[in-house]
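*Asks:* The structure file protein11.pdb (PDB, C-alpha atoms) is provided below.
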MODEL        1
ATOM      1  CA  ASP A   8       6.337 -11.106 -84.533
ATOM      2  CA  ARG A   9       4.315  -7.891 -84.699
ATOM      3  CA  ARG A  10       0.966  -9.630 -84.889
ATOM      4  CA  HIS A  11       1.696 -11.343 -81.557
ATOM      5  CA  TRP A  12       2.153  -8.052 -79.698
ATOM      6  CA  THR A  13      -1.473  -7.042 -79.628
ATOM      7  CA  GLY A  14      -3.187  -6.256 -76.350
ATOM      8  CA  LEU A  15      -4.268  -9.853 -75.844
ATOM      9  CA  GLY A  16      -0.942 -11.179 -77.097
ATOM     10  CA  SER A  17       0.973  -9.001 -74.657
ATOM     11  CA  ALA A  18      -1.291 -10.105 -71.807
ATOM     12  CA  SER A  19      -0.688 -13.743 -72.772
ATOM     13  CA  PHE A  20       3.060 -13.147 -72.765
ATOM     14  CA  VAL A  21       3.004 -11.534 -69.311
ATOM     15  CA  PHE A  22       0.819 -14.333 -67.965
ATOM     16  CA  SER A  23       3.066 -17.052 -69.363
ATOM     17  CA  LEU A  24       6.074 -15.207 -67.931
ATOM     18  CA  ALA A  25       4.524 -14.781 -64.484
ATOM     19  CA  SER A  26       3.373 -18.393 -64.311
ATOM     20  CA  THR A  27       6.783 -19.594 -65.611
ATOM     21  CA  ILE A  28       4.982 -21.641 -68.266
ATOM     22  CA  GLY A  29       6.757 -19.782 -71.053
ATOM     23  CA  TYR A  30       5.068 -21.249 -74.119
ATOM     24  CA  GLY A  31       7.713 -19.601 -76.302
ATOM     25  CA  SER A  32       5.380 -18.672 -79.117
ATOM     26  CA  GLN A  33       6.372 -15.027 -78.687
ATOM     27  CA  THR A  34       9.598 -13.665 -77.323
ATOM     28  CA  PRO A  35      11.136 -10.182 -77.185
ATOM     29  CA  HIS A  36      13.742  -9.630 -79.906
ATOM     30  CA  THR A  37      14.990  -6.153 -79.022
ATOM     31  CA  ARG A  38      17.490  -5.491 -76.244
ATOM     32  CA  GLU A  39      15.036  -3.178 -74.528
ATOM     33  CA  GLY A  40      12.337  -5.826 -74.631
ATOM     34  CA  GLN A  41      14.665  -8.428 -73.141
ATOM     35  CA  VAL A  42      15.707  -6.109 -70.313
ATOM     36  CA  ALA A  43      12.057  -5.292 -69.651
ATOM     37  CA  THR A  44      11.286  -9.021 -69.552
ATOM     38  CA  VAL A  45      13.961  -9.597 -66.893
ATOM     39  CA  LEU A  46      12.801  -6.689 -64.746
ATOM     40  CA  LEU A  47       9.146  -7.587 -65.158
ATOM     41  CA  GLY A  48       9.828 -11.243 -64.400
ATOM     42  CA  MET A  49      11.586 -10.364 -61.136
ATOM     43  CA  LEU A  50       8.375  -8.631 -60.058
ATOM     44  CA  VAL A  51       5.557 -10.740 -61.445
ATOM     45  CA  VAL A  52       6.906 -14.271 -60.896
ATOM     46  CA  PRO A  53       7.062 -14.072 -57.072
ATOM     47  CA  LEU A  54       3.802 -12.107 -56.991
ATOM     48  CA  PHE A  55       2.011 -14.642 -59.174
ATOM     49  CA  TRP A  56       3.082 -17.659 -57.137
ATOM     50  CA  TYR A  57       2.303 -15.894 -53.884
ATOM     51  CA  CYS A  58      -1.220 -15.363 -55.194
ATOM     52  CA  MET A  59      -1.340 -18.999 -56.282
ATOM     53  CA  LEU A  60      -0.477 -20.164 -52.761
ATOM     54  CA  VAL A  61      -3.022 -17.816 -51.158
ATOM     55  CA  TRP A  62      -5.747 -18.763 -53.608
ATOM     56  CA  GLY A  63      -4.665 -22.379 -53.302
ATOM     57  CA  ALA A  64      -5.329 -22.339 -49.559
ATOM     58  CA  SER A  65      -8.863 -21.102 -50.205
ATOM     59  CA  PHE A  66      -9.316 -23.619 -53.007
ATOM     60  CA  ARG A  67      -8.137 -26.430 -50.744
ATOM     61  CA  TRP A  68     -10.528 -25.342 -47.987
ATOM     62  CA  TYR A  69     -13.513 -25.360 -50.346
ATOM     63  CA  VAL A  70     -12.576 -28.778 -51.722
ATOM     64  CA  HIS A  71     -12.168 -30.186 -48.223
ATOM     65  CA  SER A  72     -15.491 -28.705 -47.105
ATOM     66  CA  PHE A  73     -17.254 -30.231 -50.093
ATOM     67  CA  VAL A  74     -15.668 -33.618 -49.466
ATOM     68  CA  GLU A  75     -16.522 -33.578 -45.751
ATOM     69  CA  LYS A  76     -20.156 -32.790 -46.538
ATOM     70  CA  ALA A  77     -20.269 -35.559 -49.117
ATOM     71  CA  TRP A  78     -18.581 -37.895 -46.636
ATOM     72  CA  THR A  79     -21.569 -38.062 -44.308
ATOM     73  CA  ARG A  80     -22.894 -41.009 -46.335
ATOM     74  CA  ARG A  81     -19.975 -43.355 -46.772
ATOM     75  CA  TRP A  82     -19.656 -47.074 -47.090
ATOM     76  CA  PHE A  83     -15.939 -47.410 -46.359
ATOM     77  CA  SER A  84     -13.489 -45.638 -44.095
ATOM     78  CA  TRP A  85     -10.599 -43.471 -45.232
ATOM     79  CA  SER A  86      -8.245 -41.434 -43.099
ATOM     80  CA  GLU A  87      -8.497 -37.657 -43.171
ATOM     81  CA  THR A  88      -5.093 -37.350 -44.849
ATOM     82  CA  ARG A  89      -6.052 -39.762 -47.611
ATOM     83  CA  ARG A  90      -9.351 -37.964 -48.180
ATOM     84  CA  SER A  91      -7.534 -34.631 -48.358
ATOM     85  CA  VAL A  92      -4.957 -35.728 -50.926
ATOM     86  CA  LEU A  93      -7.369 -37.747 -53.060
ATOM     87  CA  SER A  94      -9.919 -34.936 -53.128
ATOM     88  CA  LEU A  95      -7.299 -32.539 -54.541
ATOM     89  CA  VAL A  96      -6.148 -35.161 -57.041
ATOM     90  CA  GLY A  97      -9.769 -35.482 -58.110
ATOM     91  CA  ALA A  98     -10.119 -31.707 -58.443
ATOM     92  CA  VAL A  99      -7.029 -31.508 -60.673
ATOM     93  CA  ALA A 100      -8.307 -34.431 -62.771
ATOM     94  CA  VAL A 101     -11.691 -32.716 -63.188
ATOM     95  CA  LEU A 102     -10.004 -29.478 -64.295
ATOM     96  CA  TRP A 103      -7.858 -31.436 -66.738
ATOM     97  CA  PHE A 104     -10.924 -33.168 -68.167
ATOM     98  CA  LEU A 105     -13.082 -30.020 -68.372
ATOM     99  CA  GLY A 106     -10.240 -28.006 -69.889
ATOM    100  CA  SER A 107      -9.694 -30.654 -72.541
ATOM    101  CA  ILE A 108     -13.384 -30.652 -73.454
ATOM    102  CA  THR A 109     -13.457 -26.841 -73.610
ATOM    103  CA  PHE A 110     -10.418 -26.552 -75.876
ATOM    104  CA  PHE A 111     -11.746 -29.418 -77.996
ATOM    105  CA  TRP A 112     -14.929 -27.410 -78.523
ATOM    106  CA  LEU A 113     -13.391 -23.923 -78.885
ATOM    107  CA  GLU A 114     -10.390 -24.792 -81.034
ATOM    108  CA  GLY A 115     -11.682 -27.827 -82.904
ATOM    109  CA  TRP A 116      -8.721 -29.921 -81.742
ATOM    110  CA  ASP A 117      -8.805 -33.665 -81.614
ATOM    111  CA  PRO A 118      -9.165 -35.110 -78.081
ATOM    112  CA  ALA A 119      -5.512 -36.149 -77.815
ATOM    113  CA  THR A 120      -4.301 -32.640 -78.676
ATOM    114  CA  ALA A 121      -6.654 -31.024 -76.171
ATOM    115  CA  VAL A 122      -5.551 -33.420 -73.407
ATOM    116  CA  TYR A 123      -1.911 -32.809 -74.339
ATOM    117  CA  PHE A 124      -2.229 -29.015 -74.207
ATOM    118  CA  CYS A 125      -4.003 -29.080 -70.826
ATOM    119  CA  PHE A 126      -1.296 -31.347 -69.453
ATOM    120  CA  VAL A 127       1.602 -29.110 -70.484
ATOM    121  CA  THR A 128      -0.309 -26.139 -69.070
ATOM    122  CA  LEU A 129      -1.178 -27.665 -65.690
ATOM    123  CA  THR A 130       2.380 -28.940 -65.244
ATOM    124  CA  ALA A 131       3.841 -25.538 -66.309
ATOM    125  CA  VAL A 132       5.918 -27.262 -68.998
ATOM    126  CA  GLY A 133       4.573 -24.906 -71.647
ATOM    127  CA  LEU A 134       5.500 -26.458 -74.997
ATOM    128  CA  ASP A 135       4.517 -24.116 -77.812
ATOM    129  CA  ASN A 136       3.789 -26.552 -80.642
ATOM    130  CA  VAL A 137       0.064 -26.353 -79.804
ATOM    131  CA  LEU A 138      -1.569 -23.082 -78.780
ATOM    132  CA  PRO A 139      -5.112 -21.665 -78.997
ATOM    133  CA  GLN A 140      -5.704 -19.464 -82.031
ATOM    134  CA  THR A 141      -9.255 -18.200 -81.518
ATOM    135  CA  LEU A 142     -10.107 -15.227 -79.314
ATOM    136  CA  LEU A 143     -12.276 -17.286 -76.971
ATOM    137  CA  GLY A 144      -9.638 -19.983 -76.798
ATOM    138  CA  ARG A 145      -6.912 -17.539 -75.818
ATOM    139  CA  LEU A 146      -9.120 -15.860 -73.215
ATOM    140  CA  PHE A 147     -10.025 -19.223 -71.739
ATOM    141  CA  MET A 148      -6.337 -20.137 -71.700
ATOM    142  CA  LEU A 149      -5.587 -17.200 -69.372
ATOM    143  CA  LEU A 150      -8.384 -18.255 -67.030
ATOM    144  CA  TYR A 151      -7.319 -21.889 -67.225
ATOM    145  CA  ILE A 152      -3.740 -21.041 -66.271
ATOM    146  CA  ALA A 153      -4.872 -19.198 -63.134
ATOM    147  CA  VAL A 154      -7.397 -21.801 -61.981
ATOM    148  CA  GLY A 155      -5.355 -24.817 -63.051
ATOM    149  CA  LEU A 156      -2.094 -23.759 -61.443
ATOM    150  CA  THR A 157      -3.989 -22.814 -58.274
ATOM    151  CA  SER A 158      -5.319 -26.366 -58.016
ATOM    152  CA  VAL A 159      -1.918 -27.867 -58.763
ATOM    153  CA  ALA A 160      -0.259 -25.622 -56.156
ATOM    154  CA  SER A 161      -2.861 -26.770 -53.615
ATOM    155  CA  LEU A 162      -2.181 -30.413 -54.420
ATOM    156  CA  LEU A 163       1.586 -29.990 -54.155
ATOM    157  CA  GLU A 164       1.302 -28.122 -50.860
ATOM    158  CA  GLU A 165      -0.959 -30.824 -49.433
ATOM    159  CA  CYS A 166       1.399 -33.590 -50.576
ATOM    160  CA  ILE A 167       4.416 -31.814 -49.098
ATOM    161  CA  SER A 168       2.574 -31.248 -45.824
ATOM    162  CA  THR A 169       1.531 -34.898 -45.697
ATOM    163  CA  LEU A 170       5.071 -36.051 -46.425
ATOM    164  CA  ALA A 171       6.445 -33.726 -43.737
ATOM    165  CA  ASN A 172       4.006 -35.178 -41.209
ATOM    166  CA  LYS A 173       5.013 -38.708 -42.173
ATOM    167  CA  LEU A 174       8.696 -37.872 -41.771
ATOM    168  CA  GLY A 175       8.132 -35.993 -38.516
ATOM    169  CA  MET A 176       9.270 -32.629 -39.872
ATOM    170  CA  SER A 177       6.089 -30.608 -39.308
ATOM    171  CA  ASP A 178       5.733 -27.906 -36.660
ATOM    172  CA  GLU A 179       3.100 -29.923 -34.865
ATOM    173  CA  ASP A 180       5.494 -32.805 -34.431
ATOM    174  CA  ASP A 181       8.066 -30.437 -32.921
ATOM    175  CA  HIS A 182       5.712 -29.717 -30.036
ATOM    176  CA  THR A 183       3.897 -33.052 -29.865
ATOM    177  CA  PRO A 184       6.015 -36.106 -28.995
ATOM    178  CA  PRO A 185       5.444 -39.390 -30.767
ATOM    179  CA  ALA A 186       2.831 -41.781 -29.491
ATOM    180  CA  SER A 187       5.443 -44.092 -27.969
ATOM    181  CA  VAL A 188       6.929 -41.223 -25.951
ATOM    182  CA  ARG A 189       3.504 -39.954 -24.882
ATOM    183  CA  SER A 190       2.529 -43.426 -23.685
ATOM    184  CA  ALA A 191       5.748 -43.954 -21.720
ATOM    185  CA  PRO A 192       4.691 -41.911 -18.635
ATOM    186  CA  LEU A 193       1.390 -43.801 -18.566
ATOM    187  CA  VAL A 194       3.172 -47.140 -18.636
ATOM    188  CA  ALA A 195       5.653 -45.994 -16.027
ATOM    189  CA  SER A 196       2.922 -44.729 -13.728
ATOM    190  CA  SER A 197       0.917 -47.941 -14.129
ATOM    191  CA  VAL A 198       4.005 -49.975 -13.212
ATOM    192  CA  ALA A 199       5.029 -47.715 -10.342
ATOM    193  CA  ALA A 200       1.578 -47.565  -8.769
ATOM    194  CA  PRO A 201       1.378 -51.238  -7.676
ATOM    195  CA  ALA A 202       4.935 -51.035  -6.400
ATOM    196  CA  ALA A 203       4.065 -48.017  -4.311
ATOM    197  CA  VAL A 204       0.963 -49.707  -2.954
ATOM    198  CA  SER A 205       2.840 -52.887  -2.062
ATOM    199  CA  ALA A 206       5.628 -50.884  -0.420
ATOM    200  CA  THR A 207       3.253 -48.872   1.710
ATOM    201  CA  PRO A 208       2.492 -51.624   4.352
ATOM    202  CA  GLN A 209       6.193 -52.404   4.655
ATOM    203  CA  ALA A 210       7.034 -48.753   5.184
ATOM    204  CA  ALA A 211       4.270 -48.439   7.762
ATOM    205  CA  ALA A 212       5.499 -51.502   9.630
ATOM    206  CA  ALA A 213       9.075 -50.248   9.621
ATOM    207  CA  SER A 214       7.987 -46.955  11.117
ATOM    208  CA  LEU A 215       6.426 -48.677  14.191
ATOM    209  CA  PRO A 216       8.619 -48.754  17.322
TER
ENDMDL
END
Take the structure from the file and write it as C-alpha cells.
*Replies:*
Amino acid sequence: DRRHWTGLGSASFVFSLASTIGYGSQTPHTREGQVATVLLGMLVVPLFWYCMLVWGASFRWYVHSFVEKAWTRRWFSWSETRRSVLSLVGAVAVLWFLGSITFFWLEGWDPATAVYFCFVTLTAVGLDNVLPQTLLGRLFMLLYIAVGLTSVASLLEECISTLANKLGMSDEDDHTPPASVRSAPLVASSVAAPAAVSATPQAAAASLP
C-alpha cells in the first residue's frame, strides 16, 4: 500500500475519486484516511463534474463548429439535431480509438486490453484489474480521464437536450406553442376572411333605408 501513495499515486487517487471512476487499486486503510476521503469527496466530486459540464459546453461548441464547416460540401441532408448528436458520438469514438492506441503503445497491452481499459474509463465504471504501470501511462491516464469524461458529458447533455425537445419538456417549448397550435390562427383567419367578405354586401344592404 505504501508504494501507491507517492505523489503521482496520490494524484491518481484524488482524480479517480473526483471523477467517481474509483479504480480501487488504492484505498485508504486508516480511519483518518477514510474520513479525509469522505470530506475531500464532498468537495471535489461536485467541483469536478461542474468543470466537466463547463468544459463540455466548450467542447460541444468546437465540435459543432468543425462539423458545420465540414458540412458545406455534403451529398445528403441531415437535420441539425442528428448532426449534433452524431458528431459527438464520433468525437467519443475517436477518443476511444486514440486512447486505445496510446495505451497499446505506452503499456505494451494487447489491443483488446487497451480497448477494454478505455471503455471502463470513459464510462466511469473503473474496474481495477487493468491499470497503467509506466510513468507515461499513468500521466496519460489522468489527461485521458479529463478529456474523455468531458466528451462523454457533452454527449449525454446533448442526448438529454434532444430527448427533452422531442418530449416537449424544453424551455423553448414552454414559450413556443406546437406547430398545430401556431397554425390554428392562420387557418381560422383564412376561413373567417371569406365569410366576412361575403357578409359585407348583405350588411351594407341591410343598412339601407
*Asks:* Quick one: of A:Pro35, A:Gly29, A:Gly16, A:Gly48, who's nearest to Gly133 of chain A, counting all atoms listed in the file?
*Replies:*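 Once distances to Gly133 of chain A are computed over all atoms listed in the file, the minimum belongs to A:Gly29.
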*Asks:* Taking a cut-off of 10 Å and counting all atoms listed in the file, can you build a table that, for each residue of segment 36-86 of chain A near segment 156-160 of chain A, reports the nearest atom pair and how far apart they are in Å (one decimal), sorted by chain then residue number, as a Markdown table?
*Replies:*
| residue | atom | partner | partner_atom | distance |
| --- | --- | --- | --- | --- |
| A:Trp56 | CA | A:Ala160 | CA | 8.7 |
| A:Cys58 | CA | A:Thr157 | CA | 8.5 |
| A:Met59 | CA | A:Thr157 | CA | 5.1 |
| A:Leu60 | CA | A:Ala160 | CA | 6.4 |
| A:Val61 | CA | A:Thr157 | CA | 8.7 |
| A:Trp62 | CA | A:Thr157 | CA | 6.4 |
| A:Gly63 | CA | A:Thr157 | CA | 5.0 |
| A:Ala64 | CA | A:Thr157 | CA | 8.8 |
| A:Ser65 | CA | A:Thr157 | CA | 9.6 |
| A:Phe66 | CA | A:Ser158 | CA | 7.0 |
| A:Arg67 | CA | A:Ser158 | CA | 7.8 |
| A:Val70 | CA | A:Ser158 | CA | 9.9 |
*Asks:* I'd like to see the residues matched by the PyMOL selection byres ((chain A and resi 149-151) around 9) on this file, and ideally I'd get them as an MDAnalysis selection string.
*Replies:* chainID A and resid 18:19 22:23 102 106 125 128:129 144:148 152:156
*Asks:* Between A:Ser168, A:Val21, A:Gly175, A:Tyr30, which has the minimum distance to Val45 of chain A (counting only C-alpha atoms)?
*Replies:*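 Among A:Ser168, A:Val21, A:Gly175, A:Tyr30, it is A:Val21 that comes nearest to Val45 of chain A.
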*Asks:* Between atom CA of Phe124 of chain A and atom CA of Ser107 of chain A, what is the spacing in Å?
*Replies:*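 Computing it gives 7.8 Å between the two atoms.
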*Asks:* Using the file's own x, y and z axes, so that the box edges lie along x, y and z, what centre and edge lengths in Å (one decimal) does a box around every listed atom of segment 132-137 of chain A get when 4 Å is added on each side? Give it as AutoDock Vina command-line options.
*Replies:*
--center_x 3.0 --center_y -25.7 --center_z -74.8 --size_x 13.9 --size_y 11.1 --size_z 19.6
*Asks:* Just the number, please: distance in Å from atom CA of Gly40 of chain A to atom CA of Ser17 of chain A, one decimal.
*Replies:*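 Spanning atom CA of Gly40 of chain A to atom CA of Ser17 of chain A is a straight-line distance of 11.8 Å.
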*Asks:* Record the distance separating atom CA of Ser72 of chain A and atom CA of Cys166 of chain A, expressed in Å with one decimal.
*Replies:*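 Separating atom CA of Ser72 of chain A from atom CA of Cys166 of chain A is a distance of 17.9 Å.
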*Asks:* Taking the file above as input, evaluate the PyMOL selection byres ((chain A and resi 52) around 8) and report the hits as a PyMOL selection string.
*Replies:* chain A and resi 24-27+48-51+53-56
*Asks:* When you count all atoms listed in the file, which of these residues is closest to Thr34 of chain A: A:Gly115, A:Asp135, A:Ala100, A:Lys173?
*Replies:*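 With all atoms listed in the file as the atom set, the closest residue is A:Asp135.
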*Asks:* My list of candidates is A:Thr141, A:Ala98, A:Thr130, A:Leu105. Which is closest to Pro118 of chain A when distances are computed with only C-alpha atoms?
*Replies:* A:Leu105
